[in-house]
Structures are given as structure tokens and as C-alpha cells.
file input-v8.pdb (PDB, C-alpha atoms)
ATOM      1  CA  MET C 179    -165.444 -39.363  42.426
ATOM      2  CA  LYS C 180    -167.860 -38.799  39.572
ATOM      3  CA  LEU C 181    -166.883 -38.051  35.981
ATOM      4  CA  SER C 182    -168.399 -34.934  34.433
ATOM      5  CA  ASN C 183    -170.144 -35.062  31.068
ATOM      6  CA  GLU C 184    -167.309 -32.963  29.640
ATOM      7  CA  THR C 185    -164.712 -35.495  30.793
ATOM      8  CA  LEU C 186    -166.726 -38.383  29.381
ATOM      9  CA  SER C 187    -166.955 -36.572  26.026
ATOM     10  CA  LEU C 188    -163.199 -36.032  26.125
ATOM     11  CA  LEU C 189    -162.530 -39.717  26.849
ATOM     12  CA  LYS C 190    -164.808 -40.755  23.972
ATOM     13  CA  ASN C 191    -162.906 -38.353  21.734
ATOM     14  CA  TYR C 192    -159.546 -39.679  22.919
ATOM     15  CA  SER C 193    -160.669 -43.240  22.155
ATOM     16  CA  THR C 194    -160.714 -42.223  18.454
ATOM     17  CA  ILE C 195    -157.055 -41.151  18.697
ATOM     18  CA  ASN C 196    -155.675 -44.065  20.709
ATOM     19  CA  GLY C 197    -157.415 -47.185  21.988
ATOM     20  CA  ASN C 198    -155.541 -47.071  25.294
ATOM     21  CA  LEU C 199    -154.855 -44.310  27.794
ATOM     22  CA  VAL C 200    -152.537 -43.471  30.650
ATOM     23  CA  VAL C 201    -154.015 -41.058  33.208
ATOM     24  CA  LYS C 202    -151.431 -39.386  35.396
ATOM     25  CA  GLU C 203    -151.848 -37.839  38.812
ATOM     26  CA  GLY C 204    -153.500 -34.424  38.632
ATOM     27  CA  ASN C 205    -156.122 -32.868  36.377
ATOM     28  CA  LYS C 206    -154.431 -33.076  32.966
ATOM     29  CA  ILE C 207    -154.969 -35.942  30.519
ATOM     30  CA  LEU C 208    -152.754 -36.544  27.485
ATOM     31  CA  THR C 209    -152.961 -38.960  24.580
ATOM     32  CA  ILE C 210    -151.030 -39.686  21.396
ATOM     33  CA  SER C 211    -151.824 -41.808  18.359
ATOM     34  CA  ASP C 212    -149.847 -44.953  17.571
ATOM     35  CA  LYS C 213    -148.363 -43.203  14.503
ATOM     36  CA  LYS C 214    -147.472 -40.203  16.709
ATOM     37  CA  ASN C 215    -149.053 -37.821  14.196
ATOM     38  CA  ILE C 216    -151.826 -36.693  16.578
ATOM     39  CA  MET C 217    -151.376 -35.641  20.183
ATOM     40  CA  SER C 218    -153.732 -33.952  22.614
ATOM     41  CA  SER C 219    -153.745 -32.487  26.106
ATOM     42  CA  ALA C 220    -156.725 -31.418  28.183
ATOM     43  CA  GLU C 221    -157.466 -30.015  31.615
ATOM     44  CA  VAL C 222    -160.451 -31.724  33.250
ATOM     45  CA  GLU C 223    -162.641 -30.887  36.231
ATOM     46  CA  GLU C 224    -161.531 -33.961  38.169
ATOM     47  CA  SER C 225    -158.166 -34.302  39.904
ATOM     48  CA  PHE C 226    -156.807 -37.846  40.093
ATOM     49  CA  ASP C 227    -154.807 -38.901  43.145
ATOM     50  CA  GLN C 228    -152.829 -41.563  41.291
ATOM     51  CA  SER C 229    -151.672 -42.645  37.857
ATOM     52  CA  PHE C 230    -153.282 -45.606  36.094
ATOM     53  CA  GLY C 231    -153.476 -47.265  32.692
ATOM     54  CA  ILE C 232    -156.510 -48.306  30.644
ATOM     55  CA  TYR C 233    -155.762 -50.873  27.941
ATOM     56  CA  ASP C 234    -159.081 -50.545  26.078
ATOM     57  CA  LEU C 235    -160.651 -47.128  26.524
ATOM     58  CA  ASN C 236    -163.833 -48.037  24.636
ATOM     59  CA  GLU C 237    -164.280 -51.064  26.887
ATOM     60  CA  PHE C 238    -163.833 -48.886  29.974
ATOM     61  CA  LEU C 239    -166.429 -46.402  28.714
ATOM     62  CA  GLY C 240    -168.804 -49.291  28.002
ATOM     63  CA  ALA C 241    -168.263 -50.669  31.507
ATOM     64  CA  TYR C 242    -168.870 -47.207  32.977
ATOM     65  CA  SER C 243    -172.167 -46.949  31.074
ATOM     66  CA  LEU C 244    -173.431 -50.194  32.645
ATOM     67  CA  ILE C 245    -173.847 -48.464  36.008
ATOM     68  CA  GLU C 246    -176.503 -45.786  36.393
ATOM     69  CA  ASN C 247    -175.232 -42.530  37.937
ATOM     70  CA  PRO C 248    -171.912 -44.153  38.892
ATOM     71  CA  SER C 249    -169.207 -43.152  41.344
ATOM     72  CA  LEU C 250    -165.554 -44.185  41.119
ATOM     73  CA  GLU C 251    -163.386 -45.540  43.905
ATOM     74  CA  PHE C 252    -159.730 -46.160  43.092
ATOM     75  CA  THR C 253    -157.151 -48.635  44.357
ATOM     76  CA  THR C 254    -153.652 -49.130  42.999
ATOM     77  CA  GLU C 255    -154.799 -52.004  40.777
ATOM     78  CA  SER C 256    -158.394 -51.192  39.827
ATOM     79  CA  VAL C 257    -161.334 -48.831  39.998
ATOM     80  CA  THR C 258    -164.751 -49.785  41.373
ATOM     81  CA  ILE C 259    -167.613 -48.274  39.387
ATOM     82  CA  SER C 260    -170.690 -48.374  41.593
ATOM     83  CA  SER C 261    -174.161 -47.072  42.363
ATOM     84  CA  SER C 262    -176.489 -47.804  45.286
ATOM     85  CA  ASP C 263    -177.429 -51.252  43.953
ATOM     86  CA  SER C 264    -174.711 -52.369  41.506
ATOM     87  CA  SER C 265    -170.962 -52.278  41.032
ATOM     88  CA  LEU C 266    -168.198 -53.316  38.654
ATOM     89  CA  VAL C 267    -164.477 -53.702  39.279
ATOM     90  CA  TYR C 268    -162.380 -52.599  36.314
ATOM     91  CA  ARG C 269    -158.720 -53.572  36.446
ATOM     92  CA  PHE C 270    -155.921 -51.293  35.303
ATOM     93  CA  SER C 271    -153.131 -52.143  32.882
ATOM     94  CA  ASP C 272    -149.417 -51.545  33.294
ATOM     95  CA  PRO C 273    -148.762 -48.034  31.905
ATOM     96  CA  ASN C 274    -145.380 -49.232  30.615
ATOM     97  CA  ILE C 275    -147.039 -51.337  27.908
ATOM     98  CA  LEU C 276    -149.335 -48.507  26.731
ATOM     99  CA  THR C 277    -148.696 -45.665  24.283
ATOM    100  CA  SER C 278    -148.536 -42.392  26.191
ATOM    101  CA  PRO C 279    -146.789 -39.016  25.762
ATOM    102  CA  GLU C 280    -144.529 -37.834  28.540
ATOM    103  CA  ARG C 281    -145.485 -34.168  28.152
ATOM    104  CA  GLU C 282    -147.031 -31.615  25.818
ATOM    105  CA  VAL C 283    -145.152 -30.643  22.685
ATOM    106  CA  GLY C 284    -144.390 -27.076  21.646
ATOM    107  CA  LEU C 285    -144.371 -25.601  18.166
ATOM    108  CA  PRO C 286    -140.814 -24.970  16.880
ATOM    109  CA  SER C 287    -142.191 -21.848  15.150
ATOM    110  CA  THR C 288    -145.529 -20.260  14.308
ATOM    111  CA  ASP C 289    -145.735 -19.109  10.706
ATOM    112  CA  VAL C 290    -149.508 -18.779  10.213
ATOM    113  CA  THR C 291    -152.359 -18.385  12.701
ATOM    114  CA  VAL C 292    -156.043 -18.548  11.796
ATOM    115  CA  SER C 293    -159.341 -19.029  13.616
ATOM    116  CA  LEU C 294    -161.686 -21.775  12.433
ATOM    117  CA  SER C 295    -165.247 -21.862  13.699
ATOM    118  CA  GLU C 296    -167.001 -25.078  14.617
ATOM    119  CA  GLU C 297    -169.253 -24.523  11.592
ATOM    120  CA  VAL C 298    -166.319 -24.203   9.189
ATOM    121  CA  ILE C 299    -164.693 -27.378  10.545
ATOM    122  CA  SER C 300    -168.017 -29.219  10.253
ATOM    123  CA  ASN C 301    -168.380 -28.078   6.637
ATOM    124  CA  ILE C 302    -164.833 -29.252   5.880
ATOM    125  CA  ARG C 303    -165.658 -32.730   7.174
ATOM    126  CA  LYS C 304    -168.950 -32.825   5.268
ATOM    127  CA  ALA C 305    -167.251 -31.758   2.037
ATOM    128  CA  SER C 306    -164.598 -34.420   2.504
ATOM    129  CA  ALA C 307    -167.272 -37.105   2.884
ATOM    130  CA  VAL C 308    -169.405 -35.897  -0.039
ATOM    131  CA  LEU C 309    -166.512 -35.419  -2.472
ATOM    132  CA  ASN C 310    -164.405 -38.325  -1.218
ATOM    133  CA  ALA C 311    -161.621 -35.768  -0.820
ATOM    134  CA  PRO C 312    -159.042 -36.658   1.851
ATOM    135  CA  VAL C 313    -156.998 -33.462   2.220
ATOM    136  CA  LEU C 314    -157.544 -30.031   3.795
ATOM    137  CA  SER C 315    -155.287 -27.222   2.594
ATOM    138  CA  VAL C 316    -154.955 -23.925   4.449
ATOM    139  CA  THR C 317    -153.602 -21.769   1.670
ATOM    140  CA  SER C 318    -152.858 -18.260   0.391
ATOM    141  CA  GLN C 319    -151.286 -16.989  -2.826
ATOM    142  CA  GLY C 320    -149.466 -14.195  -0.974
ATOM    143  CA  SER C 321    -149.313 -10.458  -1.822
ATOM    144  CA  ASN C 322    -152.262  -9.631   0.442
ATOM    145  CA  SER C 323    -154.308 -12.568  -0.895
ATOM    146  CA  PRO C 324    -157.147 -14.163   1.089
ATOM    147  CA  ILE C 325    -156.489 -17.157   3.301
ATOM    148  CA  GLU C 326    -158.822 -20.001   2.457
ATOM    149  CA  CYS C 327    -159.510 -23.622   3.280
ATOM    150  CA  LYS C 328    -159.602 -26.063   0.400
ATOM    151  CA  VAL C 329    -160.865 -29.647   0.502
ATOM    152  CA  PHE C 330    -159.536 -31.718  -2.397
ATOM    153  CA  ASP C 331    -157.834 -34.886  -3.612
ATOM    154  CA  PRO C 332    -154.240 -34.057  -4.613
ATOM    155  CA  SER C 333    -153.891 -37.385  -6.390
ATOM    156  CA  ASN C 334    -156.690 -36.472  -8.837
ATOM    157  CA  PRO C 335    -156.285 -33.108 -10.632
ATOM    158  CA  THR C 336    -159.737 -33.435 -12.221
ATOM    159  CA  ALA C 337    -161.581 -34.060  -8.939
ATOM    160  CA  ASN C 338    -164.041 -31.587  -7.445
ATOM    161  CA  VAL C 339    -162.700 -28.974  -4.999
ATOM    162  CA  TYR C 340    -164.479 -27.265  -2.099
ATOM    163  CA  LYS C 341    -163.211 -23.865  -0.872
ATOM    164  CA  ILE C 342    -164.042 -21.572   2.050
ATOM    165  CA  LYS C 343    -162.556 -18.086   2.339
ATOM    166  CA  LEU C 344    -161.726 -17.198   5.942
ATOM    167  CA  THR C 345    -163.470 -13.862   6.434
ATOM    168  CA  GLY C 346    -161.120 -10.913   6.849
ATOM    169  CA  LEU C 347    -157.920 -12.977   6.748
ATOM    170  CA  VAL C 348    -155.235 -12.153   4.182
ATOM    171  CA  SER C 349    -151.518 -12.875   3.937
ATOM    172  CA  ASP C 350    -148.457 -11.499   2.159
ATOM    173  CA  GLU C 351    -146.894 -14.942   2.403
ATOM    174  CA  LYS C 352    -147.530 -17.797  -0.006
ATOM    175  CA  PHE C 353    -148.283 -21.141   1.573
ATOM    176  CA  ASP C 354    -150.118 -24.418   1.154
ATOM    177  CA  PHE C 355    -150.375 -26.270   4.471
ATOM    178  CA  GLN C 356    -151.991 -29.671   4.006
ATOM    179  CA  PHE C 357    -153.661 -32.004   6.503
ATOM    180  CA  LEU C 358    -155.227 -35.420   6.181
ATOM    181  CA  ILE C 359    -158.835 -34.780   7.179
ATOM    182  CA  GLU C 360    -158.982 -38.182   8.887
ATOM    183  CA  ASN C 361    -156.478 -36.765  11.415
ATOM    184  CA  LEU C 362    -158.760 -33.868  12.412
ATOM    185  CA  LYS C 363    -160.196 -35.667  15.434
ATOM    186  CA  MET C 364    -160.943 -32.634  17.592
ATOM    187  CA  LEU C 365    -163.945 -32.194  19.847
ATOM    188  CA  PRO C 366    -166.599 -29.876  18.366
ATOM    189  CA  ASP C 367    -165.538 -26.289  19.119
ATOM    190  CA  ASP C 368    -164.091 -23.129  17.603
ATOM    191  CA  TYR C 369    -160.307 -23.447  17.269
ATOM    192  CA  ARG C 370    -157.283 -21.195  17.073
ATOM    193  CA  LEU C 371    -155.023 -22.937  14.577
ATOM    194  CA  SER C 372    -151.291 -22.198  14.697
ATOM    195  CA  ILE C 373    -149.206 -23.720  11.911
ATOM    196  CA  SER C 374    -145.453 -24.199  11.720
ATOM    197  CA  SER C 375    -143.621 -24.721   8.433
ATOM    198  CA  LYS C 376    -141.783 -27.473  10.344
ATOM    199  CA  LEU C 377    -144.892 -29.593   9.547
ATOM    200  CA  ILE C 378    -146.621 -29.430  12.916
ATOM    201  CA  SER C 379    -149.767 -27.554  13.974
ATOM    202  CA  GLN C 380    -151.564 -26.697  17.189
ATOM    203  CA  TRP C 381    -155.362 -26.562  17.456
ATOM    204  CA  GLU C 382    -156.437 -24.805  20.645
ATOM    205  CA  GLY C 383    -160.090 -24.959  21.654
ATOM    206  CA  ILE C 384    -161.684 -21.588  22.350
ATOM    207  CA  ASN C 385    -164.418 -22.844  24.690
ATOM    208  CA  ASN C 386    -162.869 -26.047  26.014
ATOM    209  CA  LYS C 387    -159.469 -26.569  27.615
ATOM    210  CA  VAL C 388    -158.183 -28.945  24.979
ATOM    211  CA  LYS C 389    -155.204 -28.683  22.639
ATOM    212  CA  TYR C 390    -154.355 -30.924  19.708
ATOM    213  CA  TRP C 391    -151.061 -31.160  17.847
ATOM    214  CA  ILE C 392    -151.491 -32.568  14.346
ATOM    215  CA  ALA C 393    -148.785 -33.323  11.789
ATOM    216  CA  LEU C 394    -148.968 -31.782   8.325
ATOM    217  CA  GLU C 395    -148.446 -33.623   5.063
ATOM    218  CA  LYS C 396    -144.892 -33.561   3.685
ATOM    219  CA  ASN C 397    -145.880 -31.821   0.456
ATOM    220  CA  SER C 398    -146.949 -28.689   2.380
ATOM    221  CA  THR C 399    -145.147 -25.547   1.216
ATOM    222  CA  TYR C 400    -144.345 -22.150   2.724
ATOM    223  CA  ALA C 401    -142.572 -19.118   1.226
ATOM    224  CA  LYS C 402    -142.124 -15.751   2.936
TER
END
call {"tool": "encode", "arguments": {"input": "input-v8.pdb", "output": "C-alpha cells"}}
result
Amino acid sequence: MKLSNETLSLLKNYSTINGNLVVKEGNKILTISDKKNIMSSAEVEESFDQSFGIYDLNEFLGAYSLIENPSLEFTTESVTISSSDSSLVYRFSDPNILTSPEREVGLPSTDVTVSLSEEVISNIRKASAVLNAPVLSVTSQGSNSPIECKVFDPSNPTANVYKIKLTGLVSDEKFDFQFLIENLKMLPDDYRLSISSKLISQWEGINNKVKYWIALEKNSTYAK
């Protein structure tokens, strides 16, 4: 078996969410953060014949990169990463000692749905870094008001604020859904964002087959 570039990018992304990983039989990979405030599920090109655990995902990716144009051969206890002239045996960890979700989660309700382009998400991250502002708010004042994204620091009322109006999107409902920007660890893509007032959101990639579920901050508000 060979890993596609898309799967390698996914694994690198997942290493930012959780340092370890349990891969289950089939073509779906799931991960969850230690704080259980970020979860993700993805369909990959490869189909795995067995389940296995990786204790240090960054270490595994580093080991994989040591072999040029590698192939993978699995046993119950390890995977051999090899090319025509070199090889490396990487041993698995017991999945029972690793942090892994059993299944995907579902939203208890969907109160607001918006589309965020890759460019908008990139600008949100840039604004957060430039302004030292840790929070993203998806907000509307209701009564057919625009829906906009706001990057700000709620602990500092005099701090600078960055806003982006989402073109063509308005709402009769008043809401202020807040996220820690450090939790927005999605792969680059356009996303369909579904938000529940129960303080959970789903980010579904438009061009990739990846979903993320990200918790909202407790001071989020929603009024019909």
C-alpha cells in the first residue's frame, strides 16, 4: 500500500489535533482532541485491512519521510515502510491507551448555516495573528441584518476588531456564536458551517471529504 498525498496532508493536519491516532479497519479515519472540543472524520483513498494505533503521529510521519517513495506492509504489531533499497519497521501501540472517538457525532440541532470560503478563513486567521485577537464570532443583529464574522478579544473592550460581511447572507435571528480561533484546525478548503445553539458546530469541507466538529465558547448567544 502507498499513502496518497491527500492522506498524508490529512495525517499532518490530524497531528495538530491529537498527537496519537487510532486507525480502524476500512477507509474512514477519526480523531479527537484530548480536551474533546475538536473532532474530525475523513474518508481516504486507502482502505485498511486492520485496526492499529500510532502513539506519536508526528514521529510516524517523520519515519515515513525517511524512505523515498515508500510502500507499506502491515502485520498485527507493526508496519514496514520500505523502498527498493531501504526499510523501516514502525511498531504500533495498543489502541486502548490512545485517545480515539468511537464514531462520528451528530448535531443536536442546526440553528444557523453559512458558507465560508478558504480565503475568508485564511483572513480570519491572519487577523487573529495581527491583532492578537483569540475569538471568532459568527454574528447577526437579527431583523434581516447581515451575517458577519468578527475577530476580536472579548476580554478587552478597547481592542481592535476585524469584521467580514458574508456576502448575501442575512438573518431574522439574533445570535453571537463564538469560537476560539486556535481550535479552527481545518485543512485549507471552503467549508459549510452548521452551528447549533447547543454549543457545537460542524465544518464540512466542500472539496475534501473531511468533517470537523468544534465546540463553541460558553458565552455564545442565540435568540429566535
call {"tool": "closest_atom_pairs", "arguments": {"input": "input-v8.pdb", "of": "segment 213-313 of chain C", "to": "segment 204-208 of chain C", "cutoff": "10 Å", "atoms": "all atoms listed in the file", "output": "Markdown table"}}
result
| residue | atom | partner | partner_atom | distance |
| --- | --- | --- | --- | --- |
| C:Met217 | CA | C:Leu208 | CA | 7.5 |
| C:Ser218 | CA | C:Leu208 | CA | 5.6 |
| C:Ser219 | CA | C:Leu208 | CA | 4.4 |
| C:Ala220 | CA | C:Ile207 | CA | 5.4 |
| C:Glu221 | CA | C:Lys206 | CA | 4.5 |
| C:Val222 | CA | C:Asn205 | CA | 5.5 |
| C:Glu223 | CA | C:Asn205 | CA | 6.8 |
| C:Glu224 | CA | C:Asn205 | CA | 5.8 |
| C:Ser225 | CA | C:Asn205 | CA | 4.3 |
| C:Phe226 | CA | C:Gly204 | CA | 5.0 |
| C:Asp227 | CA | C:Gly204 | CA | 6.5 |
| C:Gln228 | CA | C:Gly204 | CA | 7.6 |
| C:Ser229 | CA | C:Gly204 | CA | 8.5 |
| C:Ser278 | CA | C:Leu208 | CA | 7.3 |
| C:Pro279 | CA | C:Leu208 | CA | 6.7 |
| C:Glu280 | CA | C:Leu208 | CA | 8.4 |
| C:Arg281 | CA | C:Leu208 | CA | 7.7 |
| C:Glu282 | CA | C:Leu208 | CA | 7.7 |
call {"tool": "write_last_selection", "arguments": {"input": "input-v8.pdb", "atoms": "C-alpha atoms", "output": "PDB file, in the coordinates of the input"}}
result
ATOM      1  CA  MET C 217    -151.376 -35.641  20.183  1.00  0.00           C
ATOM      2  CA  SER C 218    -153.732 -33.952  22.614  1.00  0.00           C
ATOM      3  CA  SER C 219    -153.745 -32.487  26.106  1.00  0.00           C
ATOM      4  CA  ALA C 220    -156.725 -31.418  28.183  1.00  0.00           C
ATOM      5  CA  GLU C 221    -157.466 -30.015  31.615  1.00  0.00           C
ATOM      6  CA  VAL C 222    -160.451 -31.724  33.250  1.00  0.00           C
ATOM      7  CA  GLU C 223    -162.641 -30.887  36.231  1.00  0.00           C
ATOM      8  CA  GLU C 224    -161.531 -33.961  38.169  1.00  0.00           C
ATOM      9  CA  SER C 225    -158.166 -34.302  39.904  1.00  0.00           C
ATOM     10  CA  PHE C 226    -156.807 -37.846  40.093  1.00  0.00           C
ATOM     11  CA  ASP C 227    -154.807 -38.901  43.145  1.00  0.00           C
ATOM     12  CA  GLN C 228    -152.829 -41.563  41.291  1.00  0.00           C
ATOM     13  CA  SER C 229    -151.672 -42.645  37.857  1.00  0.00           C
ATOM     14  CA  SER C 278    -148.536 -42.392  26.191  1.00  0.00           C
ATOM     15  CA  PRO C 279    -146.789 -39.016  25.762  1.00  0.00           C
ATOM     16  CA  GLU C 280    -144.529 -37.834  28.540  1.00  0.00           C
ATOM     17  CA  ARG C 281    -145.485 -34.168  28.152  1.00  0.00           C
ATOM     18  CA  GLU C 282    -147.031 -31.615  25.818  1.00  0.00           C
TER      19      GLU C 282
END
call {"tool": "resolve_selection", "arguments": {"input": "input-v8.pdb", "expression": "the PyMOL selection byres ((chain C and resi 367) around 10)", "output": "list in words"}}
result
Leu294, Ser295, Glu296, Glu297, Ile299, Ser300, Met364, Leu365, Pro366, Asp368, Tyr369, Arg370, Glu382, Gly383, Ile384, Asn385, Asn386 and Val388 of chain C
call {"tool": "write_last_selection", "arguments": {"input": "input-v8.pdb", "atoms": "C-alpha atoms", "output": "CSV table (one decimal), in the coordinates of the input"}}
result
chain,number,residue,atom,x,y,z
C,294,LEU,CA,-161.7,-21.8,12.4
C,295,SER,CA,-165.2,-21.9,13.7
C,296,GLU,CA,-167.0,-25.1,14.6
C,297,GLU,CA,-169.3,-24.5,11.6
C,299,ILE,CA,-164.7,-27.4,10.5
C,300,SER,CA,-168.0,-29.2,10.3
C,364,MET,CA,-160.9,-32.6,17.6
C,365,LEU,CA,-163.9,-32.2,19.8
C,366,PRO,CA,-166.6,-29.9,18.4
C,368,ASP,CA,-164.1,-23.1,17.6
C,369,TYR,CA,-160.3,-23.4,17.3
C,370,ARG,CA,-157.3,-21.2,17.1
C,382,GLU,CA,-156.4,-24.8,20.6
C,383,GLY,CA,-160.1,-25.0,21.7
C,384,ILE,CA,-161.7,-21.6,22.4
C,385,ASN,CA,-164.4,-22.8,24.7
C,386,ASN,CA,-162.9,-26.0,26.0
C,388,VAL,CA,-158.2,-28.9,25.0
call {"tool": "residues_around", "arguments": {"input": "input-v8.pdb", "residues": "Ala337 of chain C", "least_positions_apart": "3", "cutoff": "10 Å", "atoms": "all atoms listed in the file", "output": "PyMOL selection string"}}
result
chain C and resi 309-311+330-334
call {"tool": "residues_around", "arguments": {"input": "input-v8.pdb", "residues": "Asn322 of chain C", "least_positions_apart": "6", "cutoff": "12 Å", "atoms": "all atoms listed in the file", "output": "ChimeraX atom specification"}}
result
/C:346-352
call {"tool": "resolve_selection", "arguments": {"input": "input-v8.pdb", "expression": "the PyMOL selection byres ((chain C and resi 277) around 9)", "output": "number ranges by chain"}}
result
C: 196, 198-200, 209-212, 273-276, 278-279
call {"tool": "resolve_selection", "arguments": {"input": "input-v8.pdb", "expression": "the PyMOL selection byres ((chain C and resi 319) around 12)", "output": "PyMOL selection string"}}
result
chain C and resi 316-318+320-326+348-355+399-402
call {"tool": "residues_around", "arguments": {"input": "input-v8.pdb", "residues": "Val298 of chain C", "least_positions_apart": "6", "cutoff": "10 Å", "atoms": "only C-alpha atoms", "output": "number ranges by chain"}}
result
C: 304, 327, 342-344, 368
call {"tool": "closest_residue", "arguments": {"input": "input-v8.pdb", "among": "C:Leu188, C:Ile195, C:Leu239, C:Ile373", "to": "Val292 of chain C", "atoms": "only C-alpha atoms"}}
result
C:Ile373
call {"tool": "residues_around", "arguments": {"input": "input-v8.pdb", "residues": "Leu377 of chain C", "least_positions_apart": "2", "cutoff": "6 Å", "atoms": "only C-alpha atoms", "output": "PyMOL selection string"}}
result
chain C and resi 374-375+393-394
call {"tool": "residues_around", "arguments": {"input": "input-v8.pdb", "residues": "Glu255 of chain C", "least_positions_apart": "5", "cutoff": "10 Å", "atoms": "all atoms listed in the file", "output": "ChimeraX atom specification"}}
result
/C:230-231,267-272
call {"tool": "closest_residue", "arguments": {"input": "input-v8.pdb", "among": "C:Thr345, C:Ser306, C:Thr336, C:Trp381", "to": "Gly284 of chain C", "atoms": "all atoms listed in the file"}}
result
C:Trp381
call {"tool": "atom_distance", "arguments": {"input": "input-v8.pdb", "atom1": "atom CA of Val201 of chain C", "atom2": "atom CA of Ser262 of chain C"}}
result
26.4 Å
call {"tool": "axis_aligned_box", "arguments": {"input": "input-v8.pdb", "around": "segment 348-366 of chain C", "padding_each_side": "5 Å", "output": "JSON"}}
result
{"center_x": -156.7, "center_y": -24.8, "center_z": 9.9, "size_x": 29.7, "size_y": 36.7, "size_z": 29.9}
call {"tool": "atom_distance", "arguments": {"input": "input-v8.pdb", "atom1": "atom CA of Leu181 of chain C", "atom2": "atom CA of Leu235 of chain C"}}
result
14.5 Å
call {"tool": "atom_distance", "arguments": {"input": "input-v8.pdb", "atom1": "atom CA of Asn215 of chain C", "atom2": "atom CA of Leu371 of chain C"}}
result
16.0 Å
call {"tool": "closest_residue", "arguments": {"input": "input-v8.pdb", "among": "C:Ser193, C:Ile378, C:Ile392, C:Thr288", "to": "Leu362 of chain C", "atoms": "only C-alpha atoms"}}
result
C:Ile392
call {"tool": "build_atoms", "arguments": {"input": "input-v8.pdb", "residues": "segment 317-338 of chain C", "atoms": "N, CA and C atoms", "output": "compact mmCIF listing (two decimals), in the coordinates of the input"}}
result
# COMPACT_ATOMS: atom_id res chain seq x y z
N THR C 317 -154.45 -22.28 2.74
CA THR C 317 -153.60 -21.77 1.67
C THR C 317 -153.82 -20.29 1.40
N SER C 318 -152.78 -19.64 0.87
CA SER C 318 -152.86 -18.26 0.39
C SER C 318 -151.86 -18.11 -0.74
N GLN C 319 -152.19 -17.26 -1.70
CA GLN C 319 -151.29 -16.99 -2.83
C GLN C 319 -150.33 -15.85 -2.55
N GLY C 320 -150.37 -15.27 -1.34
CA GLY C 320 -149.47 -14.20 -0.97
C GLY C 320 -149.87 -12.85 -1.56
N SER C 321 -149.05 -11.82 -1.30
CA SER C 321 -149.31 -10.46 -1.82
C SER C 321 -150.70 -9.96 -1.43
N ASN C 322 -150.99 -10.08 -0.13
CA ASN C 322 -152.26 -9.63 0.44
C ASN C 322 -153.46 -10.43 -0.10
N SER C 323 -153.24 -11.69 -0.40
CA SER C 323 -154.31 -12.57 -0.90
C SER C 323 -155.09 -13.16 0.28
N PRO C 324 -156.35 -13.54 0.02
CA PRO C 324 -157.15 -14.16 1.09
C PRO C 324 -156.55 -15.50 1.54
N ILE C 325 -156.79 -15.82 2.80
CA ILE C 325 -156.49 -17.16 3.30
C ILE C 325 -157.77 -17.98 3.18
N GLU C 326 -157.65 -19.18 2.63
CA GLU C 326 -158.82 -20.00 2.46
C GLU C 326 -158.52 -21.45 2.81
N CYS C 327 -159.60 -22.18 3.07
CA CYS C 327 -159.51 -23.62 3.28
C CYS C 327 -160.00 -24.31 2.02
N LYS C 328 -159.27 -25.33 1.61
CA LYS C 328 -159.60 -26.06 0.40
C LYS C 328 -159.64 -27.55 0.72
N VAL C 329 -160.72 -28.21 0.34
CA VAL C 329 -160.86 -29.65 0.50
C VAL C 329 -160.76 -30.28 -0.88
N PHE C 330 -159.79 -31.19 -1.06
CA PHE C 330 -159.54 -31.72 -2.40
C PHE C 330 -158.80 -33.05 -2.32
N ASP C 331 -158.60 -33.65 -3.49
CA ASP C 331 -157.83 -34.89 -3.61
C ASP C 331 -156.60 -34.59 -4.46
N PRO C 332 -155.43 -34.43 -3.84
CA PRO C 332 -154.24 -34.06 -4.61
C PRO C 332 -153.80 -35.12 -5.61
N SER C 333 -154.27 -36.33 -5.45
CA SER C 333 -153.89 -37.38 -6.39
C SER C 333 -154.74 -37.38 -7.66
N ASN C 334 -155.78 -36.51 -7.69
CA ASN C 334 -156.69 -36.47 -8.84
C ASN C 334 -156.91 -35.02 -9.26
N PRO C 335 -156.17 -34.52 -10.23
CA PRO C 335 -156.28 -33.11 -10.63
C PRO C 335 -157.63 -32.75 -11.25
N THR C 336 -158.43 -33.73 -11.63
CA THR C 336 -159.74 -33.44 -12.22
C THR C 336 -160.87 -33.57 -11.21
N ALA C 337 -160.55 -33.87 -9.96
CA ALA C 337 -161.58 -34.06 -8.94
C ALA C 337 -162.20 -32.73 -8.53
N ASN C 338 -163.36 -32.78 -7.93
CA ASN C 338 -164.04 -31.59 -7.44
C ASN C 338 -163.30 -31.02 -6.24
